[in-house]
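entry_0.cif follows (mmCIF, C-alpha atoms):
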data_protein
#
loop_
_atom_site.label_atom_id
_atom_site.label_comp_id
_atom_site.auth_asym_id
_atom_site.auth_seq_id
_atom_site.Cartn_x
_atom_site.Cartn_y
_atom_site.Cartn_z
CA HIS A 1105 101.45 104.21 92.23
CA ALA A 1106 105.05 103.24 92.97
CA ALA A 1107 105.21 105.95 95.65
CA LEU A 1108 102.33 104.39 97.56
CA GLU A 1109 103.46 100.78 97.18
CA SER A 1110 107.14 101.29 98.00
CA GLY A 1111 107.18 104.28 100.33
CA TRP A 1112 108.53 106.57 97.62
CA GLY A 1113 111.02 103.91 96.54
CA ARG A 1114 112.52 103.47 100.00
CA GLN A 1115 110.73 100.28 101.03
CA PRO A 1116 110.32 97.73 98.24
CA PRO A 1117 110.21 94.14 99.48
CA ARG A 1118 113.71 92.89 100.35
CA THR A 1119 115.48 89.60 99.69
CA GLY A 1120 116.69 87.44 102.57
CA ASP A 1121 120.07 89.19 102.49
CA GLY A 1122 118.48 92.64 102.51
CA ALA A 1123 118.89 93.46 98.81
CA SER A 1124 116.09 95.24 96.97
CA SER A 1125 113.57 93.21 94.99
CA HIS A 1126 113.17 96.31 92.77
CA ASN A 1127 109.40 95.70 93.08
CA LEU A 1128 108.15 99.28 93.30
CA PHE A 1129 104.52 98.34 92.66
CA GLY A 1130 103.93 95.65 95.29
CA ILE A 1131 103.13 93.02 92.66
CA LYS A 1132 102.59 89.66 94.27
CA ALA A 1133 104.09 86.45 92.95
CA GLY A 1134 100.93 84.44 92.32
CA TYR A 1135 100.61 80.87 91.11
CA GLY A 1136 101.50 81.69 87.52
CA TRP A 1137 104.67 83.62 88.35
CA GLY A 1138 107.81 81.74 87.27
CA GLY A 1139 110.40 84.36 88.17
CA ALA A 1140 112.26 85.19 91.34
CA SER A 1141 110.33 86.16 94.44
CA VAL A 1142 110.79 87.35 98.01
CA GLU A 1143 108.67 86.86 101.13
CA ALA A 1144 107.70 90.04 102.92
CA LEU A 1145 105.28 91.23 105.56
CA THR A 1146 102.34 93.20 104.21
CA ARG A 1147 98.84 94.06 105.33
CA GLU A 1148 95.69 92.54 103.88
CA ALA A 1149 92.11 93.42 104.71
CA GLY A 1150 90.35 90.98 107.01
CA THR A 1151 86.68 90.12 106.80
CA ASP A 1152 85.86 93.15 108.96
CA GLY A 1153 87.90 95.50 106.73
CA SER A 1154 90.74 95.95 109.22
CA LEU A 1155 94.27 95.56 107.87
CA LEU A 1156 96.06 92.50 109.25
CA PRO A 1157 99.77 91.67 108.92
CA VAL A 1158 100.48 88.65 106.69
CA MET A 1159 103.52 87.21 104.93
CA GLN A 1160 103.19 87.22 101.13
CA ARG A 1161 105.39 86.34 98.17
CA PHE A 1162 106.24 89.29 95.95
CA ARG A 1163 107.86 89.32 92.54
CA ALA A 1164 111.56 90.16 92.47
CA TYR A 1165 113.36 91.78 89.55
CA GLY A 1166 116.99 92.26 88.60
CA ASP A 1167 116.48 96.00 88.10
CA TYR A 1168 113.86 98.74 88.09
CA SER A 1169 113.46 98.62 84.33
CA SER A 1170 112.28 95.01 84.57
CA ALA A 1171 109.86 95.99 87.32
CA PHE A 1172 108.34 98.74 85.17
CA ASP A 1173 108.09 96.39 82.16
CA ASP A 1174 106.24 93.81 84.25
CA TYR A 1175 103.93 96.47 85.68
CA VAL A 1176 103.00 97.56 82.15
CA ARG A 1177 102.34 93.91 81.17
CA LEU A 1178 100.11 93.51 84.21
CA LEU A 1179 98.12 96.66 83.44
CA ARG A 1180 97.60 95.45 79.86
CA THR A 1181 95.66 92.41 81.06
CA PRO A 1182 91.86 92.52 80.76
CA ARG A 1183 91.62 92.56 84.55
CA TYR A 1184 92.84 96.18 84.64
CA ALA A 1185 91.02 97.58 81.60
CA GLY A 1186 89.21 100.03 83.90
CA ALA A 1187 92.51 101.52 85.07
CA ARG A 1188 93.87 101.81 81.54
CA GLY A 1189 90.82 103.73 80.37
CA ALA A 1190 91.21 106.39 83.06
CA GLY A 1191 93.36 108.80 81.05
CA ASP A 1192 94.90 111.38 83.36
CA ASP A 1193 92.21 110.94 86.04
CA ALA A 1194 94.15 109.54 89.01
CA ALA A 1195 90.98 108.76 91.00
CA ALA A 1196 89.51 106.77 88.10
CA PHE A 1197 92.84 104.93 87.64
CA ALA A 1198 92.85 104.01 91.34
CA ALA A 1199 89.23 102.87 91.18
CA GLY A 1200 90.04 100.71 88.14
CA LEU A 1201 92.91 99.07 90.01
CA VAL A 1202 90.61 98.30 92.94
CA ARG A 1203 87.89 96.89 90.67
CA GLY A 1204 90.57 94.66 89.13
CA GLY A 1205 91.52 93.35 92.56
CA TYR A 1206 94.94 95.01 92.86
CA ALA A 1207 94.58 95.51 96.62
CA THR A 1208 92.39 94.37 99.48
CA ASP A 1209 92.64 97.61 101.47
CA PRO A 1210 89.15 99.16 101.47
CA ASP A 1211 90.73 102.66 101.31
CA TYR A 1212 93.29 101.80 98.61
CA ALA A 1213 91.74 104.04 95.95
CA GLY A 1214 91.62 106.92 98.42
CA LYS A 1215 95.24 106.42 99.46
CA LEU A 1216 96.40 106.26 95.86
CA GLY A 1217 94.39 109.36 95.02
CA ARG A 1218 95.99 111.27 97.90
CA VAL A 1219 99.49 110.28 96.77
CA ALA A 1220 98.66 111.34 93.21
CA ALA A 1221 97.43 114.71 94.48
CA GLN A 1222 100.66 115.12 96.45
CA VAL A 1223 102.71 114.39 93.33
CA GLN A 1224 100.65 116.89 91.33
CA ARG A 1225 101.32 119.55 93.96
CA LEU A 1226 105.07 118.77 93.89
CA VAL A 1227 105.30 119.11 90.12
CA GLY A 1228 102.95 122.07 89.97
CA GLY A 1229 100.27 120.33 87.91
#
As structure tokens, please, write out the structure in this file.
Amino acid sequence: HAALESGWGRQPPRTGDGASSHNLFGIKAGYGWGGASVEALTREAGTDGSLLPVMQRFRAYGDYSSAFDDYVRLLRTPRYAGARGAGDDAAAFAAGLVRGGYATDPDYAGKLGRVAAQVQRLVGG
């Protein structure tokens, strides 16, 4: 999941001075977020399904460990129960994320599934 959202760790959202936000999962800073955030350009699906560039606020963390901890907290919410119940089925995990509203991209589950398959090929699984 981090590979898709951050370009294999090379492109997490950046702060105004160019420092990493350590946000490997593309988690947005919604209304309830009280921590640090950064503004970054992303793409969101328009009404016709095409991906349009928009500025969004993303959560920012002091380190990658904090980012992973927050990701786990997010996945433990009822919203993502479908992803949690997927076991080692990457396609079911991706579909659960989409059902929970993780992304607006109509091909998000497919993209995540393709990245997972690439990782499986790299590790020989």
When distances are computed from only C-alpha atoms, which of A:Ala1198, A:Ala1144, A:Gly1204, A:Gly1113 shows the smallest separation from Arg1218 of chain A? A:Ala1198
Residues selected by the PyMOL selection byres ((chain A and resi 1140) around 10), written as a list in words: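 In the shown coordinates, the PyMOL selection byres ((chain A and resi 1140) around 10) covers Thr1119, Ser1125, Ala1133, Trp1137, Gly1138, Gly1139, Ser1141, Val1142, Arg1161, Phe1162, Arg1163, Ala1164, Tyr1165 and Gly1166 of chain A.
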Selection result of the PyMOL selection byres ((chain A and resi 1196) around 12) on this file, as a PDB file with C-alpha atoms, keeping the file's coordinate frame:
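Writing the result to part_38.pdb gives the following:
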ATOM      1  CA  TYR A1184      92.840  96.180  84.640  1.00  0.00           C
ATOM      2  CA  ALA A1185      91.020  97.580  81.600  1.00  0.00           C
ATOM      3  CA  GLY A1186      89.210 100.030  83.900  1.00  0.00           C
ATOM      4  CA  ALA A1187      92.510 101.520  85.070  1.00  0.00           C
ATOM      5  CA  ARG A1188      93.870 101.810  81.540  1.00  0.00           C
ATOM      6  CA  GLY A1189      90.820 103.730  80.370  1.00  0.00           C
ATOM      7  CA  ALA A1190      91.210 106.390  83.060  1.00  0.00           C
ATOM      8  CA  GLY A1191      93.360 108.800  81.050  1.00  0.00           C
ATOM      9  CA  ASP A1192      94.900 111.380  83.360  1.00  0.00           C
ATOM     10  CA  ASP A1193      92.210 110.940  86.040  1.00  0.00           C
ATOM     11  CA  ALA A1194      94.150 109.540  89.010  1.00  0.00           C
ATOM     12  CA  ALA A1195      90.980 108.760  91.000  1.00  0.00           C
ATOM     13  CA  PHE A1197      92.840 104.930  87.640  1.00  0.00           C
ATOM     14  CA  ALA A1198      92.850 104.010  91.340  1.00  0.00           C
ATOM     15  CA  ALA A1199      89.230 102.870  91.180  1.00  0.00           C
ATOM     16  CA  GLY A1200      90.040 100.710  88.140  1.00  0.00           C
ATOM     17  CA  LEU A1201      92.910  99.070  90.010  1.00  0.00           C
ATOM     18  CA  VAL A1202      90.610  98.300  92.940  1.00  0.00           C
ATOM     19  CA  ARG A1203      87.890  96.890  90.670  1.00  0.00           C
ATOM     20  CA  ALA A1213      91.740 104.040  95.950  1.00  0.00           C
ATOM     21  CA  GLY A1214      91.620 106.920  98.420  1.00  0.00           C
ATOM     22  CA  LEU A1216      96.400 106.260  95.860  1.00  0.00           C
ATOM     23  CA  GLY A1217      94.390 109.360  95.020  1.00  0.00           C
ATOM     24  CA  ALA A1220      98.660 111.340  93.210  1.00  0.00           C
TER      25      ALA A1220
END
Convert the output of the PyMOL selection byres ((chain A and resi 1127) around 10) on the shown file into explicit residues, formatted as a PyMOL selection string. chain A and resi 1106+1109-1110+1113+1115-1118+1124-1126+1128-1132+1141-1142+1162-1168+1170-1172+1174-1175
Which of these, A:Val1219, A:Ala1123, A:Asp1209, A:Val1158, has the shortest distance to Leu1145 of chain A once you count only C-alpha atoms?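 The answer is A:Val1158, which sits nearest to Leu1145 of chain A.
Straight-line separation from atom CA of Gly1136 of chain A to atom CA of Gly1120 of chain A: 22.1 Å.
Across the model, the gap from atom CA of Tyr1206 of chain A to atom CA of Gln1160 of chain A is 14.0 Å.
Atom CA of Leu1155 of chain A to atom CA of Thr1208 of chain A spans 8.7 Å [interatomic distance, one decimal].
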Given only C-alpha atoms as the counted atoms, nearest of A:Asp1173, A:Pro1182, A:Asp1211, A:Glu1143 to Met1159 of chain A: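 Nearest to Met1159 of chain A: A:Glu1143.
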Since the input is missing atoms for segment 1185-1199 of chain A, could you rebuild it with N, CA and C atoms and give the result as a JSON list (two decimals), in the frame of the given file?
[["chain", "number", "residue", "atom", "x", "y", "z"],
["A", 1185, "ALA", "N", 91.51, 96.72, 82.69],
["A", 1185, "ALA", "CA", 91.02, 97.58, 81.60],
["A", 1185, "ALA", "C", 90.44, 98.88, 82.16],
["A", 1186, "GLY", "N", 89.79, 98.83, 83.30],
["A", 1186, "GLY", "CA", 89.21, 100.03, 83.90],
["A", 1186, "GLY", "C", 90.26, 101.05, 84.29],
["A", 1187, "ALA", "N", 91.42, 100.59, 84.72],
["A", 1187, "ALA", "CA", 92.51, 101.52, 85.07],
["A", 1187, "ALA", "C", 93.11, 102.12, 83.81],
["A", 1188, "ARG", "N", 93.27, 101.31, 82.79],
["A", 1188, "ARG", "CA", 93.87, 101.81, 81.54],
["A", 1188, "ARG", "C", 93.01, 102.88, 80.89],
["A", 1189, "GLY", "N", 91.71, 102.79, 81.02],
["A", 1189, "GLY", "CA", 90.82, 103.73, 80.37],
["A", 1189, "GLY", "C", 90.63, 105.02, 81.15],
["A", 1190, "ALA", "N", 91.41, 105.24, 82.19],
["A", 1190, "ALA", "CA", 91.21, 106.39, 83.06],
["A", 1190, "ALA", "C", 91.84, 107.67, 82.55],
["A", 1191, "GLY", "N", 92.68, 107.60, 81.53],
["A", 1191, "GLY", "CA", 93.36, 108.80, 81.05],
["A", 1191, "GLY", "C", 94.21, 109.41, 82.13],
["A", 1192, "ASP", "N", 94.10, 110.72, 82.33],
["A", 1192, "ASP", "CA", 94.90, 111.38, 83.36],
["A", 1192, "ASP", "C", 94.13, 111.59, 84.67],
["A", 1193, "ASP", "N", 93.03, 110.86, 84.83],
["A", 1193, "ASP", "CA", 92.21, 110.94, 86.04],
["A", 1193, "ASP", "C", 92.73, 109.94, 87.06],
["A", 1194, "ALA", "N", 93.52, 110.42, 88.03],
["A", 1194, "ALA", "CA", 94.15, 109.54, 89.01],
["A", 1194, "ALA", "C", 93.12, 108.78, 89.84],
["A", 1195, "ALA", "N", 92.01, 109.43, 90.20],
["A", 1195, "ALA", "CA", 90.98, 108.76, 91.00],
["A", 1195, "ALA", "C", 90.35, 107.62, 90.21],
["A", 1196, "ALA", "N", 90.09, 107.83, 88.93],
["A", 1196, "ALA", "CA", 89.51, 106.77, 88.10],
["A", 1196, "ALA", "C", 90.51, 105.62, 87.90],
["A", 1197, "PHE", "N", 91.80, 105.96, 87.75],
["A", 1197, "PHE", "CA", 92.84, 104.93, 87.64],
["A", 1197, "PHE", "C", 92.85, 104.08, 88.91],
["A", 1198, "ALA", "N", 92.84, 104.73, 90.06],
["A", 1198, "ALA", "CA", 92.85, 104.01, 91.34],
["A", 1198, "ALA", "C", 91.61, 103.13, 91.48],
["A", 1199, "ALA", "N", 90.46, 103.65, 91.11],
["A", 1199, "ALA", "CA", 89.23, 102.87, 91.18],
["A", 1199, "ALA", "C", 89.29, 101.67, 90.25]]
